[in-house]
Amino acid sequence: MFKDFWRERVKFVEENLIVELETTKFIDEKLFEAMKYSLLAGGKRLRPIMLMSAADAINPGSGKKFVKVACALEMIHTYSLIHDDLPAMDNDDLRRGKPTNHKVFGEATAILAGDALLTLAFEVTARQKNVAPEILLKVVSEISTAAGASGMVGGQMIDLESENCRIDFDTLKKMHAGKTGALFRAAIRSGAILAGADEEKLSALTKYADNFGLAFQITDDILDVVGDEKTLGKPAGSDERNHKSTYVSLTSLDKAKELAEKSVNDALDALKIFGGEADFLRELVKYLNERNS
């Protein structure tokens with residue numbers, strides 16, 4: 001049931017990503033193809049699905065109404081992947097089992113494709129209907145803050161500065177709370193805000209999101225050690241090659257697994273005020289401990 005629902009939501013998101021691309025006016029075909037290449041390259045579509053599921057937890061059945069904002073989050077996520085893979089950043093050749101954007105289209109076009117997806121995200125958000133302007137502005141603030149200097153971009157900067165040196169545990173948490181966790185947080189909070197959450201439920205979902213992001217990153221670090229390239233769809237062992245501090249390298253593989261499990265349990269604890277309307281979110285965070293990609 002859980003995976004069937006996830007697959008249905010993935011299909012729904014991808015259909016709408018195509019709609020949003022085709023609705024957009026492009027003046028250059030190569031740029032369009034580069035954006036489309038990465039945006040439609042597959043993936044879990046976690047962030048848009050989390051947004052819709054948070055909305056469903058507040059107002060059951062409402063999540064799909066906010067698919068435009070959900071698609072915008074996936075565009076921001078995809079832009080970040082394109083830029084992360086660049087030679088000046090992580091210098092990766094594979095993403096989701098396919099050559100990275102700059103390997104196909106060249107570095108300059110990849111940079112512009114990422115830029116275009118980031119800005120398109122806010123154009124698509126502005127297309128969202130049946131939401132009060134003040135609520136939509138609040139969501140724009142959530143997403144832009146999460147994607148910018150105090151969130152994802154700031155976390156990536158700490159990541160770059162931390163290469164070839166050992167950082168402390170607090171710096172590692174700060175880095176990943178920005179680089180990875182901020183967009184998860186924005187997805188959950190935005191979905192809840194769009195669906196009309198009160199402060200108690202918004203606070204509970206925020207706690208869930210923060211622990212989800214932590215569990216996700218710790219599991220990612222574990223998979224970089226124990227996973228294989230074919231399953232991951234990207235090179236394994238890249239953290240070690242790039243001399244990056246991770247939850248595994250700063251503790252141990254066993255300790256990292258314990259930390260991931262604690263974060264999952266803390267996320268589940270945050271959802272105790274919800275009933276069955278939050279079951280997908282519960283199953284999703286439990287899935288983190290079992291995933292292999």
# chains A, B, ... in the order shown; residues from 1 in each chain; ligands from 1
call {"tool": "residues_around", "arguments": {"residues": "A:Ile218", "least_positions_apart": "4", "cutoff": "8 Å", "atoms": "only C-alpha atoms", "output": "JSON, numbers by chain"}}
result
{"A": [214, 222, 246, 247, 248, 256, 257, 259, 260]}
call {"tool": "write_last_selection", "arguments": {"atoms": "all heavy atoms", "output": "compact mmCIF listing (two decimals), in the first residue's frame"}}
result
# COMPACT_ATOMS: atom_id res chain seq x y z
N LEU A 214 17.71 14.71 9.16
CA LEU A 214 18.90 14.16 9.81
C LEU A 214 19.03 12.67 9.51
O LEU A 214 20.12 12.20 9.14
CB LEU A 214 18.80 14.39 11.33
CG LEU A 214 19.97 13.91 12.18
CD1 LEU A 214 21.28 14.53 11.72
CD2 LEU A 214 19.72 14.21 13.65
N ILE A 222 25.90 6.48 5.27
CA ILE A 222 26.07 5.03 5.42
C ILE A 222 26.11 4.35 4.05
O ILE A 222 26.98 3.51 3.78
CB ILE A 222 24.94 4.44 6.29
CG1 ILE A 222 25.08 4.93 7.73
CG2 ILE A 222 24.96 2.91 6.25
CD1 ILE A 222 23.87 4.65 8.60
N THR A 246 31.89 12.88 7.46
CA THR A 246 30.53 12.36 7.43
C THR A 246 30.16 11.82 8.80
O THR A 246 31.01 11.73 9.69
CB THR A 246 30.38 11.22 6.40
OG1 THR A 246 31.12 10.08 6.86
CG2 THR A 246 30.90 11.64 5.02
N TYR A 247 28.91 11.44 8.97
CA TYR A 247 28.50 10.84 10.23
C TYR A 247 29.22 9.52 10.47
O TYR A 247 29.45 9.14 11.63
CB TYR A 247 26.98 10.63 10.25
CG TYR A 247 26.23 11.93 10.42
CD1 TYR A 247 25.69 12.61 9.32
CD2 TYR A 247 26.08 12.51 11.67
CE1 TYR A 247 25.02 13.81 9.47
CE2 TYR A 247 25.41 13.72 11.83
CZ TYR A 247 24.89 14.37 10.72
OH TYR A 247 24.24 15.57 10.88
N VAL A 248 29.60 8.83 9.41
CA VAL A 248 30.35 7.59 9.56
C VAL A 248 31.80 7.87 9.94
O VAL A 248 32.33 7.26 10.87
CB VAL A 248 30.28 6.75 8.26
CG1 VAL A 248 31.16 5.51 8.38
CG2 VAL A 248 28.84 6.35 7.95
N ALA A 256 26.70 5.43 13.51
CA ALA A 256 25.88 6.17 12.54
C ALA A 256 24.52 5.50 12.38
O ALA A 256 23.49 6.18 12.29
CB ALA A 256 26.60 6.25 11.20
N LYS A 257 24.52 4.17 12.36
CA LYS A 257 23.24 3.45 12.26
C LYS A 257 22.37 3.71 13.48
O LYS A 257 21.14 3.86 13.37
CB LYS A 257 23.50 1.95 12.10
CG LYS A 257 24.08 1.58 10.74
CD LYS A 257 24.37 0.09 10.64
CE LYS A 257 24.94 -0.28 9.27
NZ LYS A 257 25.28 -1.73 9.17
N LEU A 259 22.44 6.47 15.34
CA LEU A 259 21.97 7.85 15.22
C LEU A 259 20.81 7.96 14.24
O LEU A 259 19.84 8.70 14.47
CB LEU A 259 23.12 8.76 14.77
CG LEU A 259 24.22 9.03 15.80
CD1 LEU A 259 25.40 9.74 15.13
CD2 LEU A 259 23.68 9.89 16.95
N ALA A 260 20.89 7.21 13.13
CA ALA A 260 19.81 7.22 12.15
C ALA A 260 18.53 6.67 12.75
O ALA A 260 17.44 7.24 12.58
CB ALA A 260 20.21 6.42 10.92
call {"tool": "select_by_dssp", "arguments": {"residues": "stretch 44-252 of chain A", "states": "alpha helix (DSSP H)", "output": "VMD selection string"}}
result
chain A and resid 46 to 58 67 to 84 101 to 105 107 to 126 133 to 147 152 to 161 169 to 176 182 to 194 199 to 226 229 to 232 238 to 241 247 to 250
call {"tool": "residues_around", "arguments": {"residues": "stretch 96-112 of chain A", "least_positions_apart": "5", "cutoff": "7 Å", "atoms": "only C-alpha atoms", "output": "PyMOL selection string"}}
result
chain A and resi 31+34+38+43+82-83+85-86+233-234
call {"tool": "residues_around", "arguments": {"residues": "A:Asn289", "least_positions_apart": "5", "cutoff": "9 Å", "atoms": "only C-alpha atoms", "output": "list in words"}}
result
Ala215, Phe216, Thr219, Lys257, Ala260, Glu261 and Val264 of chain A
call {"tool": "write_last_selection", "arguments": {"atoms": "C-alpha atoms", "output": "compact mmCIF listing (two decimals), in the first residue's frame"}}
result
# COMPACT_ATOMS: atom_id res chain seq x y z
CA ALA A 215 17.97 10.51 9.33
CA PHE A 216 18.10 10.92 5.56
CA THR A 219 21.59 7.05 5.86
CA LYS A 257 23.24 3.45 12.26
CA ALA A 260 19.81 7.22 12.15
CA GLU A 261 17.48 4.97 14.11
CA VAL A 264 13.62 8.02 12.83
call {"tool": "residues_around", "arguments": {"residues": "A:Phe274", "least_positions_apart": "4", "cutoff": "10 Å", "atoms": "only C-alpha atoms", "output": "JSON, numbers by chain"}}
result
{"A": [57, 58, 201, 204, 205, 270, 278, 279]}
call {"tool": "write_last_selection", "arguments": {"atoms": "N, CA and C atoms", "output": "mmCIF file, in the first residue's frame"}}
result
data_model
loop_
_atom_site.group_PDB
_atom_site.id
_atom_site.type_symbol
_atom_site.label_atom_id
_atom_site.label_comp_id
_atom_site.auth_asym_id
_atom_site.auth_seq_id
_atom_site.Cartn_x
_atom_site.Cartn_y
_atom_site.Cartn_z
ATOM 1 N N ALA A 57 -2.017 15.506 5.840
ATOM 2 C CA ALA A 57 -2.057 15.271 7.281
ATOM 3 C C ALA A 57 -2.873 16.345 7.990
ATOM 4 N N ILE A 58 -2.895 17.537 7.434
ATOM 5 C CA ILE A 58 -3.662 18.643 8.013
ATOM 6 C C ILE A 58 -5.102 18.633 7.519
ATOM 7 N N LYS A 201 0.152 21.817 15.285
ATOM 8 C CA LYS A 201 0.433 20.816 14.254
ATOM 9 C C LYS A 201 1.600 21.229 13.371
ATOM 10 N N ALA A 204 4.699 20.323 15.310
ATOM 11 C CA ALA A 204 4.927 18.876 15.303
ATOM 12 C C ALA A 204 5.504 18.424 13.966
ATOM 13 N N LEU A 205 4.958 18.931 12.882
ATOM 14 C CA LEU A 205 5.450 18.557 11.558
ATOM 15 C C LEU A 205 6.858 19.103 11.303
ATOM 16 N N ALA A 270 7.142 12.738 16.936
ATOM 17 C CA ALA A 270 6.572 14.049 16.630
ATOM 18 C C ALA A 270 5.166 13.943 16.030
ATOM 19 N N ALA A 278 -1.626 10.835 8.928
ATOM 20 C CA ALA A 278 -0.177 11.017 8.803
ATOM 21 C C ALA A 278 0.556 9.697 8.597
ATOM 22 N N ASP A 279 -0.186 8.639 8.271
ATOM 23 C CA ASP A 279 0.447 7.315 8.141
ATOM 24 C C ASP A 279 1.510 7.270 7.041
#
call {"tool": "select_by_dssp", "arguments": {"residues": "stretch 50-284 of chain A", "states": "strand (DSSP E or B)", "output": "JSON, numbers by chain"}}
result
{"A": [94, 95, 98, 99]}
call {"tool": "write_last_selection", "arguments": {"atoms": "N, CA and C atoms", "output": "PDB file, in the first residue's frame"}}
result
ATOM      1  N   LEU A  94      28.072  10.712 -12.763  1.00  0.00           N
ATOM      2  CA  LEU A  94      26.800   9.999 -12.829  1.00  0.00           C
ATOM      3  C   LEU A  94      25.797  10.595 -11.850  1.00  0.00           C
ATOM      4  N   ARG A  95      24.554  10.619 -12.274  1.00  0.00           N
ATOM      5  CA  ARG A  95      23.452  11.039 -11.411  1.00  0.00           C
ATOM      6  C   ARG A  95      22.230  10.226 -11.814  1.00  0.00           C
ATOM      7  N   LYS A  98      22.647   8.012 -14.864  1.00  0.00           N
ATOM      8  CA  LYS A  98      22.864   8.631 -16.175  1.00  0.00           C
ATOM      9  C   LYS A  98      24.004   9.642 -16.080  1.00  0.00           C
ATOM     10  N   PRO A  99      24.631   9.962 -17.214  1.00  0.00           N
ATOM     11  CA  PRO A  99      25.673  11.004 -17.185  1.00  0.00           C
ATOM     12  C   PRO A  99      25.117  12.306 -16.628  1.00  0.00           C
TER      13      PRO A  99
END
call {"tool": "closest_residue", "arguments": {"among": "A:Met1, A:Leu51, A:Ile193, A:Ala70", "to": "A:Ala132", "atoms": "only C-alpha atoms"}}
result
A:Ile193
call {"tool": "atom_distance", "arguments": {"atom1": "atom CA of A:Ser162", "atom2": "atom CA of A:Ser144"}}
result
24.4 Å
call {"tool": "decode", "arguments": {"residues": "stretch 148-163 of chain A", "atoms": "all heavy atoms", "output": "PDB file, in the first residue's frame"}}
result
ATOM      1  N   GLY A 148      18.299  29.251   0.140  1.00  0.00           N
ATOM      2  CA  GLY A 148      19.328  30.276   0.018  1.00  0.00           C
ATOM      3  C   GLY A 148      20.485  30.179   0.982  1.00  0.00           C
ATOM      4  O   GLY A 148      20.872  29.100   1.444  1.00  0.00           O
ATOM      5  N   ALA A 149      21.028  31.357   1.313  1.00  0.00           N
ATOM      6  CA  ALA A 149      22.276  31.440   2.078  1.00  0.00           C
ATOM      7  C   ALA A 149      22.151  30.879   3.487  1.00  0.00           C
ATOM      8  O   ALA A 149      23.145  30.398   4.054  1.00  0.00           O
ATOM      9  CB  ALA A 149      22.731  32.901   2.141  1.00  0.00           C
ATOM     10  N   SER A 150      20.949  30.929   4.072  1.00  0.00           N
ATOM     11  CA  SER A 150      20.779  30.386   5.417  1.00  0.00           C
ATOM     12  C   SER A 150      20.292  28.941   5.396  1.00  0.00           C
ATOM     13  O   SER A 150      20.020  28.357   6.447  1.00  0.00           O
ATOM     14  CB  SER A 150      19.801  31.253   6.219  1.00  0.00           C
ATOM     15  OG  SER A 150      18.533  31.284   5.587  1.00  0.00           O
ATOM     16  N   GLY A 151      20.186  28.368   4.206  1.00  0.00           N
ATOM     17  CA  GLY A 151      19.730  26.994   4.066  1.00  0.00           C
ATOM     18  C   GLY A 151      20.636  26.185   3.159  1.00  0.00           C
ATOM     19  O   GLY A 151      21.811  25.981   3.446  1.00  0.00           O
ATOM     20  N   MET A 152      20.083  25.774   2.017  1.00  0.00           N
ATOM     21  CA  MET A 152      20.779  24.843   1.137  1.00  0.00           C
ATOM     22  C   MET A 152      22.107  25.389   0.599  1.00  0.00           C
ATOM     23  O   MET A 152      23.132  24.704   0.626  1.00  0.00           O
ATOM     24  CB  MET A 152      19.853  24.467  -0.025  1.00  0.00           C
ATOM     25  CG  MET A 152      20.393  23.383  -0.934  1.00  0.00           C
ATOM     26  SD  MET A 152      19.136  22.882  -2.141  1.00  0.00           S
ATOM     27  CE  MET A 152      18.995  24.380  -3.128  1.00  0.00           C
ATOM     28  N   VAL A 153      22.107  26.618   0.112  1.00  0.00           N
ATOM     29  CA  VAL A 153      23.337  27.185  -0.450  1.00  0.00           C
ATOM     30  C   VAL A 153      24.381  27.397   0.648  1.00  0.00           C
ATOM     31  O   VAL A 153      25.571  27.115   0.463  1.00  0.00           O
ATOM     32  CB  VAL A 153      23.044  28.509  -1.188  1.00  0.00           C
ATOM     33  CG1 VAL A 153      24.336  29.164  -1.652  1.00  0.00           C
ATOM     34  CG2 VAL A 153      22.141  28.238  -2.408  1.00  0.00           C
ATOM     35  N   GLY A 154      23.930  27.865   1.804  1.00  0.00           N
ATOM     36  CA  GLY A 154      24.851  28.023   2.914  1.00  0.00           C
ATOM     37  C   GLY A 154      25.467  26.699   3.343  1.00  0.00           C
ATOM     38  O   GLY A 154      26.671  26.629   3.630  1.00  0.00           O
ATOM     39  N   GLY A 155      24.654  25.660   3.387  1.00  0.00           N
ATOM     40  CA  GLY A 155      25.157  24.330   3.736  1.00  0.00           C
ATOM     41  C   GLY A 155      26.159  23.815   2.727  1.00  0.00           C
ATOM     42  O   GLY A 155      27.178  23.195   3.081  1.00  0.00           O
ATOM     43  N   GLN A 156      25.899  24.073   1.442  1.00  0.00           N
ATOM     44  CA  GLN A 156      26.835  23.661   0.398  1.00  0.00           C
ATOM     45  C   GLN A 156      28.160  24.400   0.544  1.00  0.00           C
ATOM     46  O   GLN A 156      29.238  23.838   0.309  1.00  0.00           O
ATOM     47  CB  GLN A 156      26.224  23.929  -0.974  1.00  0.00           C
ATOM     48  CG  GLN A 156      27.134  23.587  -2.165  1.00  0.00           C
ATOM     49  CD  GLN A 156      27.425  22.105  -2.285  1.00  0.00           C
ATOM     50  OE1 GLN A 156      26.685  21.275  -1.761  1.00  0.00           O
ATOM     51  NE2 GLN A 156      28.503  21.761  -2.956  1.00  0.00           N
ATOM     52  N   MET A 157      28.106  25.663   0.958  1.00  0.00           N
ATOM     53  CA  MET A 157      29.333  26.427   1.144  1.00  0.00           C
ATOM     54  C   MET A 157      30.177  25.838   2.272  1.00  0.00           C
ATOM     55  O   MET A 157      31.400  25.701   2.141  1.00  0.00           O
ATOM     56  CB  MET A 157      28.983  27.892   1.453  1.00  0.00           C
ATOM     57  CG  MET A 157      30.194  28.806   1.453  1.00  0.00           C
ATOM     58  SD  MET A 157      30.882  29.013  -0.204  1.00  0.00           S
ATOM     59  CE  MET A 157      32.629  29.135   0.191  1.00  0.00           C
ATOM     60  N   ILE A 158      29.529  25.480   3.368  1.00  0.00           N
ATOM     61  CA  ILE A 158      30.258  24.836   4.461  1.00  0.00           C
ATOM     62  C   ILE A 158      30.872  23.526   3.982  1.00  0.00           C
ATOM     63  O   ILE A 158      32.014  23.185   4.326  1.00  0.00           O
ATOM     64  CB  ILE A 158      29.326  24.576   5.665  1.00  0.00           C
ATOM     65  CG1 ILE A 158      28.813  25.889   6.240  1.00  0.00           C
ATOM     66  CG2 ILE A 158      30.052  23.774   6.751  1.00  0.00           C
ATOM     67  CD1 ILE A 158      27.750  25.721   7.314  1.00  0.00           C
ATOM     68  N   ASP A 159      30.119  22.798   3.150  1.00  0.00           N
ATOM     69  CA  ASP A 159      30.612  21.538   2.593  1.00  0.00           C
ATOM     70  C   ASP A 159      31.895  21.759   1.788  1.00  0.00           C
ATOM     71  O   ASP A 159      32.882  21.032   1.949  1.00  0.00           O
ATOM     72  CB  ASP A 159      29.523  20.917   1.716  1.00  0.00           C
ATOM     73  CG  ASP A 159      29.809  19.462   1.358  1.00  0.00           C
ATOM     74  OD1 ASP A 159      30.686  18.854   1.995  1.00  0.00           O
ATOM     75  OD2 ASP A 159      29.143  18.932   0.454  1.00  0.00           O
ATOM     76  N   LEU A 160      31.896  22.767   0.945  1.00  0.00           N
ATOM     77  CA  LEU A 160      33.088  23.060   0.134  1.00  0.00           C
ATOM     78  C   LEU A 160      34.273  23.464   1.013  1.00  0.00           C
ATOM     79  O   LEU A 160      35.410  23.041   0.777  1.00  0.00           O
ATOM     80  CB  LEU A 160      32.777  24.173  -0.861  1.00  0.00           C
ATOM     81  CG  LEU A 160      31.849  23.826  -2.027  1.00  0.00           C
ATOM     82  CD1 LEU A 160      31.511  25.075  -2.821  1.00  0.00           C
ATOM     83  CD2 LEU A 160      32.471  22.769  -2.929  1.00  0.00           C
ATOM     84  N   GLU A 161      33.998  24.260   2.018  1.00  0.00           N
ATOM     85  CA  GLU A 161      35.061  24.717   2.907  1.00  0.00           C
ATOM     86  C   GLU A 161      35.603  23.598   3.792  1.00  0.00           C
ATOM     87  O   GLU A 161      36.712  23.705   4.329  1.00  0.00           O
ATOM     88  CB  GLU A 161      34.549  25.851   3.803  1.00  0.00           C
ATOM     89  CG  GLU A 161      34.243  27.137   3.052  1.00  0.00           C
ATOM     90  CD  GLU A 161      33.633  28.197   3.945  1.00  0.00           C
ATOM     91  OE1 GLU A 161      32.871  27.845   4.865  1.00  0.00           O
ATOM     92  OE2 GLU A 161      33.922  29.378   3.711  1.00  0.00           O
ATOM     93  N   SER A 162      34.817  22.527   3.911  1.00  0.00           N
ATOM     94  CA  SER A 162      35.199  21.427   4.804  1.00  0.00           C
ATOM     95  C   SER A 162      35.974  20.316   4.118  1.00  0.00           C
ATOM     96  O   SER A 162      36.378  19.350   4.771  1.00  0.00           O
ATOM     97  CB  SER A 162      33.931  20.834   5.452  1.00  0.00           C
ATOM     98  OG  SER A 162      33.219  21.816   6.159  1.00  0.00           O
ATOM     99  N   GLU A 163      36.156  20.425   2.808  1.00  0.00           N
ATOM    100  CA  GLU A 163      36.918  19.400   2.092  1.00  0.00           C
ATOM    101  C   GLU A 163      38.366  19.400   2.561  1.00  0.00           C
ATOM    102  O   GLU A 163      38.948  20.440   2.857  1.00  0.00           O
ATOM    103  CB  GLU A 163      36.855  19.633   0.578  1.00  0.00           C
ATOM    104  CG  GLU A 163      35.511  19.265  -0.027  1.00  0.00           C
ATOM    105  CD  GLU A 163      35.500  19.357  -1.541  1.00  0.00           C
ATOM    106  OE1 GLU A 163      36.592  19.446  -2.134  1.00  0.00           O
ATOM    107  OE2 GLU A 163      34.405  19.350  -2.125  1.00  0.00           O
TER     108      GLU A 163
END
